[in-house]
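A.B. asks: One file: input_36.json (JSON, C-alpha atoms).
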[["chain", "number", "residue", "atom", "x", "y", "z"],
["A", 1, "MET", "CA", -74.67, -87.69, 83.14],
["A", 2, "GLU", "CA", -74.22, -88.21, 79.42],
["A", 3, "GLU", "CA", -72.46, -91.54, 80.03],
["A", 4, "ASN", "CA", -75.37, -92.69, 82.21],
["A", 5, "ASN", "CA", -77.82, -91.66, 79.48],
["A", 6, "GLN", "CA", -75.79, -93.59, 76.92],
["A", 7, "LYS", "CA", -75.83, -96.72, 79.12],
["A", 8, "THR", "CA", -79.59, -96.38, 79.51],
["A", 9, "GLN", "CA", -80.01, -96.13, 75.75],
["A", 10, "GLU", "CA", -77.80, -99.19, 75.24],
["A", 11, "ARG", "CA", -79.85, -101.16, 77.75],
["A", 12, "GLN", "CA", -83.08, -100.07, 76.08],
["A", 13, "LYS", "CA", -81.71, -101.10, 72.69],
["A", 14, "TYR", "CA", -80.73, -104.50, 74.13],
["A", 15, "THR", "CA", -84.16, -104.89, 75.74],
["A", 16, "ASN", "CA", -85.79, -104.25, 72.37],
["A", 17, "ARG", "CA", -83.52, -106.87, 70.78],
["A", 18, "LEU", "CA", -84.55, -109.37, 73.46],
["A", 19, "PHE", "CA", -88.21, -108.64, 72.77],
["A", 20, "TYR", "CA", -87.78, -109.35, 69.07],
["A", 21, "PHE", "CA", -85.60, -112.34, 69.91],
["A", 22, "SER", "CA", -88.59, -113.91, 71.67],
["A", 23, "PHE", "CA", -90.42, -113.89, 68.32],
["A", 24, "GLU", "CA", -87.36, -115.35, 66.61],
["A", 25, "ILE", "CA", -87.42, -118.20, 69.12],
["A", 26, "LEU", "CA", -90.99, -118.93, 68.14],
["A", 27, "GLY", "CA", -89.90, -119.18, 64.52],
["A", 28, "TYR", "CA", -86.88, -121.32, 65.35],
["A", 29, "PHE", "CA", -89.10, -123.96, 66.92],
["A", 30, "ALA", "CA", -92.39, -123.61, 65.04],
["A", 31, "ALA", "CA", -91.13, -123.46, 61.46],
["A", 32, "PRO", "CA", -89.07, -126.69, 61.53],
["A", 33, "ALA", "CA", -91.86, -128.50, 63.36],
["A", 34, "ILE", "CA", -94.46, -127.44, 60.81],
["A", 35, "VAL", "CA", -92.19, -128.35, 57.89],
["A", 36, "SER", "CA", -91.44, -131.73, 59.50],
["A", 37, "VAL", "CA", -95.12, -132.53, 59.90],
["A", 38, "LEU", "CA", -95.90, -131.51, 56.33],
["A", 39, "ILE", "CA", -93.01, -133.56, 54.91],
["A", 40, "GLY", "CA", -93.94, -136.49, 57.14],
["A", 41, "LYS", "CA", -97.57, -136.43, 56.01],
["A", 42, "TYR", "CA", -96.49, -136.19, 52.37],
["A", 43, "LEU", "CA", -94.18, -139.18, 52.74],
["A", 44, "LYS", "CA", -96.84, -141.15, 54.61],
["A", 45, "ASN", "CA", -99.51, -140.48, 51.97],
["A", 46, "ASN", "CA", -97.34, -141.03, 48.91],
["A", 47, "TYR", "CA", -94.72, -143.58, 49.96],
["A", 48, "GLU", "CA", -96.25, -145.27, 53.04],
["A", 49, "LEU", "CA", -93.35, -144.03, 55.17],
["A", 50, "ASP", "CA", -94.40, -143.16, 58.70],
["A", 51, "ILE", "CA", -91.48, -141.02, 59.82],
["A", 52, "ILE", "CA", -93.19, -137.99, 61.34],
["A", 53, "ILE", "CA", -91.75, -138.63, 64.82],
["A", 54, "PRO", "CA", -88.10, -138.96, 63.66],
["A", 55, "LEU", "CA", -88.53, -135.82, 61.57],
["A", 56, "LEU", "CA", -89.91, -133.94, 64.57],
["A", 57, "VAL", "CA", -87.00, -135.12, 66.72],
["A", 58, "ALA", "CA", -84.53, -133.94, 64.07],
["A", 59, "ALA", "CA", -86.35, -130.59, 63.81],
["A", 60, "TYR", "CA", -86.24, -130.21, 67.61],
["A", 61, "ILE", "CA", -82.50, -130.85, 67.73],
["A", 62, "LEU", "CA", -81.88, -128.50, 64.80],
["A", 63, "SER", "CA", -83.98, -125.81, 66.49],
["A", 64, "TRP", "CA", -81.93, -126.00, 69.67],
["A", 65, "ILE", "CA", -78.67, -125.79, 67.73],
["A", 66, "VAL", "CA", -79.84, -122.68, 65.88],
["A", 67, "PHE", "CA", -81.23, -121.20, 69.10],
["A", 68, "ALA", "CA", -77.96, -121.76, 70.98],
["A", 69, "ALA", "CA", -75.90, -120.14, 68.24],
["A", 70, "ARG", "CA", -78.21, -117.13, 68.05],
["A", 71, "TYR", "CA", -78.32, -116.83, 71.86],
["A", 72, "ARG", "CA", -74.52, -116.76, 72.07],
["A", 73, "ALA", "CA", -74.40, -114.02, 69.44],
["A", 74, "LEU", "CA", -76.99, -112.02, 71.36],
["A", 75, "GLN", "CA", -75.08, -112.45, 74.64],
["A", 76, "LYS", "CA", -72.00, -110.89, 73.06],
["A", 77, "GLU", "CA", -74.06, -107.75, 72.36],
["A", 78, "ARG", "CA", -75.08, -107.32, 76.01],
["A", 79, "PRO", "CA", -74.31, -103.81, 77.27],
["A", 80, "ASP", "CA", -72.80, -105.12, 80.52],
["A", 81, "ASN", "CA", -70.67, -107.72, 78.76],
["A", 82, "LYS", "CA", -67.10, -107.50, 80.06],
["A", 83, "GLU", "CA", -65.61, -108.09, 76.59],
["A", 84, "ASN", "CA", -67.47, -105.12, 75.11],
["A", 85, "ASN", "CA", -66.54, -102.63, 77.84],
["A", 86, "THR", "CA", -63.71, -100.42, 76.74],
["A", 87, "THR", "CA", -63.76, -98.29, 79.89],
["A", 88, "THR", "CA", -62.49, -99.49, 83.21],
["A", 89, "GLU", "CA", -64.82, -99.12, 86.14]]
Take the structure in the file and write it out as structure tokens.

C.D. replies:
Amino acid sequence: MEENNQKTQERQKYTNRLFYFSFEILGYFAAPAIVSVLIGKYLKNNYELDIIIPLLVAAYILSWIVFAARYRALQKERPDNKENNTTTE
């Protein structure tokens, strides 16, 4: 019974991490996009360089790289992950 309760608590903890991870994802994609647009507008206004689109593409690629790395780290923390199980079932 206690082991079942512990597994339930681990799953709840993981569910909470996933909930907060959804907000992290928003930051991973929104922050680089906003910074890219601001830098692009600055460069366009001051130096006549129109590179907003390439900056957005670079921000998109960077966001996916960061997201993939963070997702892999989160997957390793899964309660039902075979690597983390020390007991045999």

A.B. asks: With only C-alpha atoms as the basis for distance, which of A:Pro54, A:Leu49, A:Thr8, A:Leu62 is at the shortest distance from Pro32 in chain A?

C.D. replies: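 That would be A:Leu62, the residue with the smallest distance to Pro32 in chain A.
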
A.B. asks: Fewer than 4 positions away in the same chain doesn't count, so skip those; otherwise give me all residues within 9 Å of range 65-69 of chain A, counting only C-alpha atoms, as a list in words.

C.D. replies: Glu24, Ile25, Tyr28, Phe29, Tyr60, Ile61, Ala73 and Leu74 of chain A

A.B. asks: I need the residue nearest Leu26 in chain A from this list: A:Asp80, A:Tyr42, A:Glu2, A:Trp64. Use only C-alpha atoms for the distance.

C.D. replies: A:Trp64

A.B. asks: Pick out the residues sitting within 8 Å of range 11-19 of chain A, and hand them over as a PyMOL selection string; count all atoms listed in the file, and ignore anything fewer than 4 positions along from it in its own chain.

C.D. replies: chain A and resi 7+23+77-79

A.B. asks: Figure out the distance between CA of Val37 in chain A and CA of Phe21 in chain A, please, to one decimal in Å.

C.D. replies: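 A separation of 24.5 Å between them.
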
A.B. asks: Which polymer residues have any atom within 8 Å of an atom of Gly40 in chain A, counting only C-alpha atoms, with same-chain residues fewer than 2 positions away left out, as a list of chain:residue names?

C.D. replies: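 Residues near the query, excluding close chain neighbours: A:Ser36, A:Val37, A:Leu38, A:Tyr42, A:Leu43, A:Lys44, A:Leu49, A:Asp50, A:Ile51, A:Ile52, A:Leu55.
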
A.B. asks: Could you state the separation of CA of Ile34 in chain A and CA of Ala59 in chain A in Å, given to one decimal place?

C.D. replies: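 Those two atoms sit 9.2 Å apart.
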
A.B. asks: If you measure from CA of Gln75 in chain A to CA of Gln9 in chain A, what distance in Å do you get, rounded to one decimal?

C.D. replies: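 Answer for the CA of Gln75 in chain A to CA of Gln9 in chain A separation: 17.1 Å.
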
A.B. asks: Give the padded box for range 75-80 of chain A as lines of an AutoDock Vina configuration file: axis-aligned, covering all atoms listed in the file, 3 Å on each side, centre and edge lengths in Å to one decimal.

C.D. replies:
center_x = -73.5
center_y = -108.1
center_z = 76.4
size_x = 9.1
size_y = 14.6
size_z = 14.2
